[in-house]
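Report on one structure; see the data block that follows.
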Amino acid sequence: MKCQKCEKPATFHITDLIDGEPKELHLCEQCAHSFLAPAHDDSSEVMPAMAGLLAQHLAVGETAEELARLDQQACPVCGITFLEFRKQGRLGCPHDYVCFQKELDPLLVNIHGETQHVGKVPKFCSVNAEQQTQLIRLRREMKEAVADEAYERASELRDEIRGIECAGRDED
């Protein structure tokens with residue numbers, strides 16, 4: 001996508017509510033910087049409220065650095081990075097809510113109005129959350145073992161996964 005002001009690649013996507021209507025802006029870094037921190041002249045263009053808040057709390061250069069740092073952050077259980085989450089829109093395991101809590105809380109409040117689940121829960125769940133987290137971790141370790149050509153370790157992990165899955169089916 002190109003910048004709406006100068007045709008460079010847009011790296012900042014800003015959605016602002018003006019008179020109750022959402023307005024999207026797609027800007028390159030330079031145009032976003034000038035939009036968020038305009039020169040102090042008496043121009044007739046009024047800075048939208050959202051841009052003003054962003055300008056107060058975040059400098060444009062810092063947001064790119066902060067996002068790059070966040071994108072490298074990975075869940076220790078499933079291995080998903082924050083970049084993968086942003087691209088896919090899906091988390092890898094329940095532990096991701098803890099790992100990325102600081103970044104996810106504002107997003108969840110914005111989308112759902114809450115940060116705690118208040119809906120229905122499946123009546124018949126094959127494994128509990130702790131077992132599910134363990135299975136995800138074991139599958140990731142098995143994948144890494146295969147990639148490292150540690151086939152004996154991979155087969156041990158496979159057997160452990162099967163044992164947990166069979167135990168879960170027996171409980172149902």
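Chain labels run A, B, ... following the order of the structure tokens; each chain numbers its residues from 1, and ligands are numbered from 1 in the order shown.
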- Item | Test item: residues at most 10 Å from A:Gln30, only C-alpha atoms, excluding those fewer than 4 positions along its chain, as a list in words |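 Contacts, with the query itself left out: Cys3, Cys6, Lys8, Ala10, Thr11, Phe12, Ser34, Phe35, Leu36, Val60 and Gly61 of chain A.
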- Message: Could you list, as a VMD selection string, every residue within 9 Å of A:Arg139, counting only C-alpha atoms and ignoring same-chain residues fewer than 6 positions away?
- Response: chain A and resid 78 157 to 158 161
- alpha helix (DSSP H) call set, DSSP backbone run, stretch 59-149 of chain A, as a ChimeraX atom specification: /A:60-72,82-88,96-99,101-112,129-147
- Message: Can you measure atom CA of A:Val77 to atom CA of A:Glu141 for me? One decimal in Å is fine.
- Response: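 Value for the atom CA of A:Val77-atom CA of A:Glu141 distance: 9.3 Å.
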